[in-house]
Amino acid sequence: MRTTALPPANPPFPKIYLVGSFDTKGTELIYLADQLRSLGVPLITIDVSTTHGDPRADIPAEQIAACHPQGSTAVFTGDRGSAISAMSQALPQWLAQRDDVGAVIGIGGSGGTALITPAMRALPVGLPKLMVSSVPPHDVGSFGGPTDIATMYSVTDVAGINRISRRVFANAAGMIVGAFKQAQRRVEPDDARPAIGLSMFGVTTPCVQAVAAQLDADYDCVVFHATGTGGKAMEKLVDSGLLYGLIDLTTTEVCDYLFGGVLPCTADRFGAVARTRIPYVGACGALDMINFGRPETVPAQHAGRRFYPHNPNVTLMRTTPQENTEIGRWIGERLNRCEGEVRFLIPQGGVSALDAPGHAFHDPQADQALFDALTATVKQTDRRRLVLVPHHINDPAFAAIAVGHFRAVTQTSEGILGA
């Protein structure tokens, strides 16, 4: 049975942590600190300079650098690139030792953003995080990763205080203070239901909605959009111990990873399932498609392939039998690393809303190549099984079968029984 540790008798009062490099952004950090203090919140300023410290910071850079696995000498190398990389490893270690982090706000350019956001990614989901950055909004997303980091474009460079930066920094202060106060006053509702993750795409929505509806009385169903980041976020919560089981019916991110689509997973897809042995039911959802952007962005080598315009900004490409063979082998090899209770369902009637008779991606030969590759690759045991289901993935009967298998694996998996 899973248990929850009791909170400390007298937990420290949460504080806002302001992080930045005082050697290059000292003026801006001091201005932002003054704005935060004027709003009446407890504040700690952290210096992550990689050249020399600044006495104006509450926590000097030397103290942060000392948390690097190789010590502070690994940080203060004199080489900016390696120093930023090393300090980005030290900062999460230092923050992990604190039990009074109520919110984190950072400011910086490309270097500061790359340095500070790894520490933010390591913090719990739900803890307010705001990165004020001169990196354009369409680029800063890569720093955020699969967590809830808010980003704010500084408009001007983070290089001095002027009529624009004053407004931007003042607004940033108001944003993080508002989130901080809301986080402190929020009262979580009583919910004894274990949380489970479900992966969904537009073309598998009927299935996932039916599954969630059947399990809602017993589980807090948390749905993740299978857009690459969605799968990463889902598995991050598994590794964090925040999900008690997965119904991963939409594994489409694998297609984009293997064949250059725009919504890929990483090589670690299914890794959290292997590491934690979490109860797992998966399926072939949307393995019939690779995602690209607008039609003109599709690589030229795919000319002549079968496409479907999902919307003006998303173009889907049908996977071929050869690609499906590779997809099946790739997934099968990763399922073989999972030693917990695993059921992977094969919807023989079609894997997405587009993969049905009369629809754009209906291709029984391609589907069969996928199913054959999975069958040939997965090493089935009493705990790891492939399940042939003679229904389309969006058929209510398929959803009912998925629910039945999930209830079965949770009853026999360690750590979920009685959660």
# chains A, B, ... in the order shown; residues from 1 in each chain; ligands from 1
$ closest_atom_pairs --of "range 193-294 of chain A" --to "range 334-338 of chain A" --cutoff "7 Å" --atoms "only C-alpha atoms" --output "CSV"
residue,atom,partner,partner_atom,distance
A:Phe270,CA,A:Arg334,CA,6.4
A:Val273,CA,A:Cys338,CA,6.3
A:Ala274,CA,A:Cys338,CA,4.1
A:Arg277,CA,A:Cys338,CA,6.5
$ closest_atom_pairs --of "range 92-149 of chain A" --to "range 235-257 of chain A" --cutoff "12 Å" --atoms "only C-alpha atoms" --output "CSV"
residue,atom,partner,partner_atom,distance
A:Arg121,CA,A:Lys236,CA,10.0
A:Ala122,CA,A:Lys236,CA,9.8
A:Leu123,CA,A:Ser240,CA,10.2
A:Pro124,CA,A:Ser240,CA,8.4
A:Val125,CA,A:Leu237,CA,8.4
A:Gly126,CA,A:Leu237,CA,11.7
A:Gly145,CA,A:Lys236,CA,10.1
A:Pro146,CA,A:Lys236,CA,7.4
A:Thr147,CA,A:Lys236,CA,8.4
A:Asp148,CA,A:Lys236,CA,11.8
$ write_last_selection --atoms "N, CA and C atoms" --output "mmCIF file, in the first residue's frame"
data_model
loop_
_atom_site.group_PDB
_atom_site.id
_atom_site.type_symbol
_atom_site.label_atom_id
_atom_site.label_comp_id
_atom_site.auth_asym_id
_atom_site.auth_seq_id
_atom_site.Cartn_x
_atom_site.Cartn_y
_atom_site.Cartn_z
ATOM 1 N N ARG A 121 12.753 22.894 -13.999
ATOM 2 C CA ARG A 121 12.185 21.622 -14.456
ATOM 3 C C ARG A 121 12.211 20.567 -13.363
ATOM 4 N N ALA A 122 13.182 20.661 -12.464
ATOM 5 C CA ALA A 122 13.307 19.665 -11.405
ATOM 6 C C ALA A 122 12.326 19.896 -10.265
ATOM 7 N N LEU A 123 11.707 21.068 -10.219
ATOM 8 C CA LEU A 123 10.769 21.387 -9.146
ATOM 9 C C LEU A 123 9.426 20.715 -9.398
ATOM 10 N N PRO A 124 8.629 20.543 -8.348
ATOM 11 C CA PRO A 124 7.344 19.861 -8.509
ATOM 12 C C PRO A 124 6.393 20.612 -9.432
ATOM 13 N N VAL A 125 5.590 19.876 -10.156
ATOM 14 C CA VAL A 125 4.516 20.478 -10.934
ATOM 15 C C VAL A 125 3.549 21.155 -9.970
ATOM 16 N N GLY A 126 3.146 22.371 -10.298
ATOM 17 C CA GLY A 126 2.238 23.119 -9.436
ATOM 18 C C GLY A 126 2.921 24.207 -8.643
ATOM 19 N N GLY A 145 10.708 22.223 -21.259
ATOM 20 C CA GLY A 145 10.535 20.794 -21.088
ATOM 21 C C GLY A 145 9.121 20.440 -20.662
ATOM 22 N N PRO A 146 8.927 19.219 -20.181
ATOM 23 C CA PRO A 146 7.575 18.745 -19.861
ATOM 24 C C PRO A 146 7.112 19.153 -18.469
ATOM 25 N N THR A 147 7.148 20.434 -18.168
ATOM 26 C CA THR A 147 6.677 20.896 -16.863
ATOM 27 C C THR A 147 6.057 22.269 -17.022
ATOM 28 N N ASP A 148 5.565 22.835 -15.924
ATOM 29 C CA ASP A 148 4.718 24.032 -15.984
ATOM 30 C C ASP A 148 5.514 25.314 -15.731
#
$ closest_residue --among "A:Ile107, A:Ala226, A:Ile331, A:Leu287" --to "Gly271 in chain A" --atoms "only C-alpha atoms"
A:Ile331
$ residues_around --residues "Val378 in chain A" --least-positions-apart "3" --cutoff "6 Å" --atoms "only C-alpha atoms" --output "PyMOL selection string"
chain A and resi 332+374-375
$ write_last_selection --atoms "N, CA and C atoms" --output "compact mmCIF listing (two decimals), in the first residue's frame"
# COMPACT_ATOMS: atom_id res chain seq x y z
N GLY A 332 8.11 -2.79 -29.13
CA GLY A 332 8.26 -4.11 -28.51
C GLY A 332 9.52 -4.24 -27.70
N LEU A 374 5.01 -6.33 -33.59
CA LEU A 374 4.83 -6.38 -32.13
C LEU A 374 4.79 -7.83 -31.65
N THR A 375 4.04 -8.66 -32.33
CA THR A 375 3.92 -10.06 -31.92
C THR A 375 5.26 -10.78 -31.97
$ closest_residue --among "A:Ala61, A:Met200, A:Ile149, A:Met120" --to "Tyr17 in chain A" --atoms "only C-alpha atoms"
A:Met120
$ select_by_dssp --residues "range 234-324 of chain A" --states "strand (DSSP E)" --output "JSON, numbers by chain"
{"A": [245, 246, 247, 248, 280, 281, 282, 283, 289, 290, 291, 292, 307, 308, 309, 310, 311, 314, 315, 316, 317, 318]}
